[in-house]
Amino acid sequence: MKFSARHTVKNSHARTGILTTPHGVIQTPVFMPVATSGAVKTLSPEEVKNLGAEIILGNTYHLHLRPGEELIAAEGGLQKWMNWLGPILTDSGGYQAFSLGATRSKSAKTTDEGVRFFSHLDGKKLFFTPESAIDIQLKLGGDIVMVLDDCAPFPATEKRLYAAVKRTGEWAKRSTEHWQREGIALRQAQGKGLFGIVQGGLNKELRQQSLKDIQSLPFDGIAIGGVSVGEGKQNMLAAVDFIANDLDPTRPHYLMGVGEPIDLIRMIHRGIDMFDCVLPTRLARHGAFWTTNFKRENIRRASFTNQSKSLDPKCNCPTCQTYSASYLRHLVMTNESLGLRLLSIHNLSIIFNLLREIRSSIENDNFVNKFGPHLS
RNA sequence: GCUGGGGUGGUAGAGUGGUCAAUUACACUUGGCUGUAAACCAAGCGCCUUCGGGCUUCGUAGGUUCGAAUCCUACUCCCAGCA
């Protein structure tokens with residue numbers, strides 16, 4: 001995997017870049033729609049691509065459970081199988097240890113050796129280690145492989161955060177060793193990349209320690225995890241600010257699980273190159289959508305009943321070019337799946353259009369000027 | 001016309017003397033959602049309220065009772081079967 005920064009900005013960490021993967025080249029800053037179980041929910045890969053997606057995210061935990069990485073490998077890899085011909089980043093399952101463990105008692109537990117899961121489908125016991133998480137992702141066909149990390153919840157004690165940083169650091173080391181043992185030359189020839197993940201929650205020293213741990217290892221990219229776990233926007237900003245100045249500029253920076261349009265702007269200003277988030281598609285399935293000025297609305301609100309205009313007069317997405325808010329509300333209220341699809345298309349368009357604007361403003365040295373009011 | 005069954009809040013449908021302003025579901029209203037256990041979750045949903053409570057409701061009108069959505073009578077409407 002290769003990354004090169006293309007254009008940087010004065011008075012900001014914002015930058016554009018190019019990420020080269022086995023399945024194609026990506027313009028950064030980039031947003032990766034989440035295709036947890038092999039589909040961006042409600043949309044076809046062709047639709048996702050046409051909206052402007054260059055890379056999508058698939059999930060180790062979910063795909064391991066169903067249908068299993070062996071089947072996907074036998075079918076020629078996730079890209080071929082689902083007919084997404086571009087790059088795919090596979091998440092490791094570290095977040096599921098948090099989300100299943102935190103919200104469902106005893107369905108996931110993290111130890112120094114790895115993460116034990118009880119399948120949410122049939123209760124079957126699973127055990128992921130840093131090594132097995134990589135093996136599964138390679139079988140799935142991930143272009144970018146994420147290490148298994150220990151994602152601490154919010155709020156978390158300093159002790160818990162310390163443990164997360166220590167364990168994540170140790171796992172990171174095991175991960176790079178495994179990556180090499182399994183043939184780093186081959187990996188590099190294939191052009192696949194391995195990303196490390198920084199933890200540390202809202203603790204400045206621990207964030208900086210974790211960044212040091214991760215950046216000392218030969219990772220192809222640096223991810224920031226342990227955010228978007230319920231801490232809120234201001235806390236998230238603080239967590240990133242702790243380390244923004246020390247991010248290795250030669251490697252891509254990936255903020256995991258973010259986000260909202262406003263968060264993308266702020267975090268790109270802080271030097272983030274990559275994002276993924278379920279919000280555009282999940283909000284859509286819940287009737288919510290963003291306007292071009294980054295406000296959240298919900299189409300179920302009675303006031304949209306007679307709105308014959310589109311969701312947002314300034315939006316040029318396929319949904320807004322074609323359908324009225326009134327009709328979209330009707331579709332959602334009557335559980336027509338078309339409504340969920342059209343809102344997913346709109347929300348993803350809002351994100352991709354924003355990123356196009358941001359990239360071009362960076363290239364034109366206009367980023368700070370244009371997005372100034374939204375940067376802090 | 002006769003016989004039997006039944007009319008409960010927007011809808012369906014519980015409830016058969018007090019713990020019923022009335023279970024539940026759906027609908028509706030409003031919130032929430034940030035590496036997807038998520039087309040989900042939460043709250044509200046007769047009227048008024050100084051949030052203690054007050055008032056009017058279970059086809060209509062009477063009645064029994066300390067007390068009725070629940071028992072009785074009449075009326076009315078609906079359904080099934082028979083004429």
# chains A, B, ... in the order shown; residues from 1 in each chain; ligands from 1
>>> residues_around(residues="Leu202 of chain A", least_positions_apart="5", cutoff="8 Å", atoms="only C-alpha atoms (C1' of nucleotides)", output="number ranges by chain")
A: 207, 235-236, 238-239
>>> interface_residues(of="chain B", to="chain A", cutoff="10 Å", atoms="only C-alpha atoms (C1' of nucleotides)", output="VMD selection string")
chain B and resid 28 to 30 33 to 40
>>> write_last_selection(atoms="C-alpha atoms (C1' of nucleotides)", output="PDB file, in the first residue's frame")
ATOM      1  C1'   C B  28     -50.255   8.888  15.305  1.00  0.00           C
ATOM      2  C1'   U B  29     -46.842  12.887  17.772  1.00  0.00           C
ATOM      3  C1'   U B  30     -42.025  14.085  19.433  1.00  0.00           C
ATOM      4  C1'   C B  33     -28.859   7.453  16.930  1.00  0.00           C
ATOM      5  C1'   U B  34     -21.023   8.566  15.154  1.00  0.00           C
ATOM      6  C1'   G B  35     -15.155   1.506  13.663  1.00  0.00           C
ATOM      7  C1'   U B  36     -24.128  -1.466  12.617  1.00  0.00           C
ATOM      8  C1'   A B  37     -27.138  -7.196  17.756  1.00  0.00           C
ATOM      9  C1'   A B  38     -29.905  -0.793  14.793  1.00  0.00           C
ATOM     10  C1'   A B  39     -35.850  -0.311   8.414  1.00  0.00           C
ATOM     11  C1'   C B  40     -33.989   0.476  15.618  1.00  0.00           C
TER      12        C B  40
END
>>> select_by_dssp(residues="segment 120-299 of chain A", states="alpha helix (DSSP H)", output="PyMOL selection string")
chain A and resi 130-140+158-181+184-190+204-215+233-241+261-269+279-285
>>> closest_residue(among="B:A21, B:A69, B:C51, B:C45", to="U8 of chain B", atoms="only C-alpha atoms (C1' of nucleotides)")
B:A69
>>> select_by_dssp(residues="segment 113-233 of chain A", states="strand (DSSP E or B)", output="PDB file with C-alpha atoms, in the first residue's frame")
ATOM      1  CA  VAL A 115     -11.435 -11.309  22.549  1.00  0.00           C
ATOM      2  CA  ARG A 116     -13.974 -13.972  23.373  1.00  0.00           C
ATOM      3  CA  PHE A 117     -17.371 -13.516  21.761  1.00  0.00           C
ATOM      4  CA  PHE A 118     -20.639 -15.268  22.114  1.00  0.00           C
ATOM      5  CA  LYS A 125     -18.332 -19.159  21.387  1.00  0.00           C
ATOM      6  CA  LEU A 126     -15.710 -17.409  19.257  1.00  0.00           C
ATOM      7  CA  PHE A 127     -12.218 -16.289  20.057  1.00  0.00           C
ATOM      8  CA  PHE A 128     -10.398 -13.612  18.098  1.00  0.00           C
ATOM      9  CA  ILE A 144      -6.636  -2.507   4.205  1.00  0.00           C
ATOM     10  CA  VAL A 145      -6.502  -4.710   7.279  1.00  0.00           C
ATOM     11  CA  MET A 146      -7.178  -3.334  10.748  1.00  0.00           C
ATOM     12  CA  GLY A 193      -1.905  -2.408   4.067  1.00  0.00           C
ATOM     13  CA  LEU A 194      -2.051  -2.965   7.823  1.00  0.00           C
ATOM     14  CA  PHE A 195      -3.291  -0.160  10.067  1.00  0.00           C
ATOM     15  CA  GLY A 196      -2.606   0.248  13.788  1.00  0.00           C
ATOM     16  CA  ILE A 197      -5.143   1.792  16.145  1.00  0.00           C
ATOM     17  CA  VAL A 198      -4.547   4.426  18.820  1.00  0.00           C
ATOM     18  CA  GLY A 221      -1.629   3.785   8.392  1.00  0.00           C
ATOM     19  CA  ILE A 222      -2.534   5.204  11.781  1.00  0.00           C
ATOM     20  CA  ALA A 223      -6.103   4.874  12.981  1.00  0.00           C
ATOM     21  CA  ILE A 224      -7.605   6.670  15.928  1.00  0.00           C
TER      22      ILE A 224
END
>>> atom_distance(atom1="atom CA of Lys139 of chain A", atom2="atom CA of Ala73 of chain A")
5.4 Å
>>> atom_distance(atom1="atom CA of Leu328 of chain A", atom2="atom CA of Ile265 of chain A")
28.1 Å
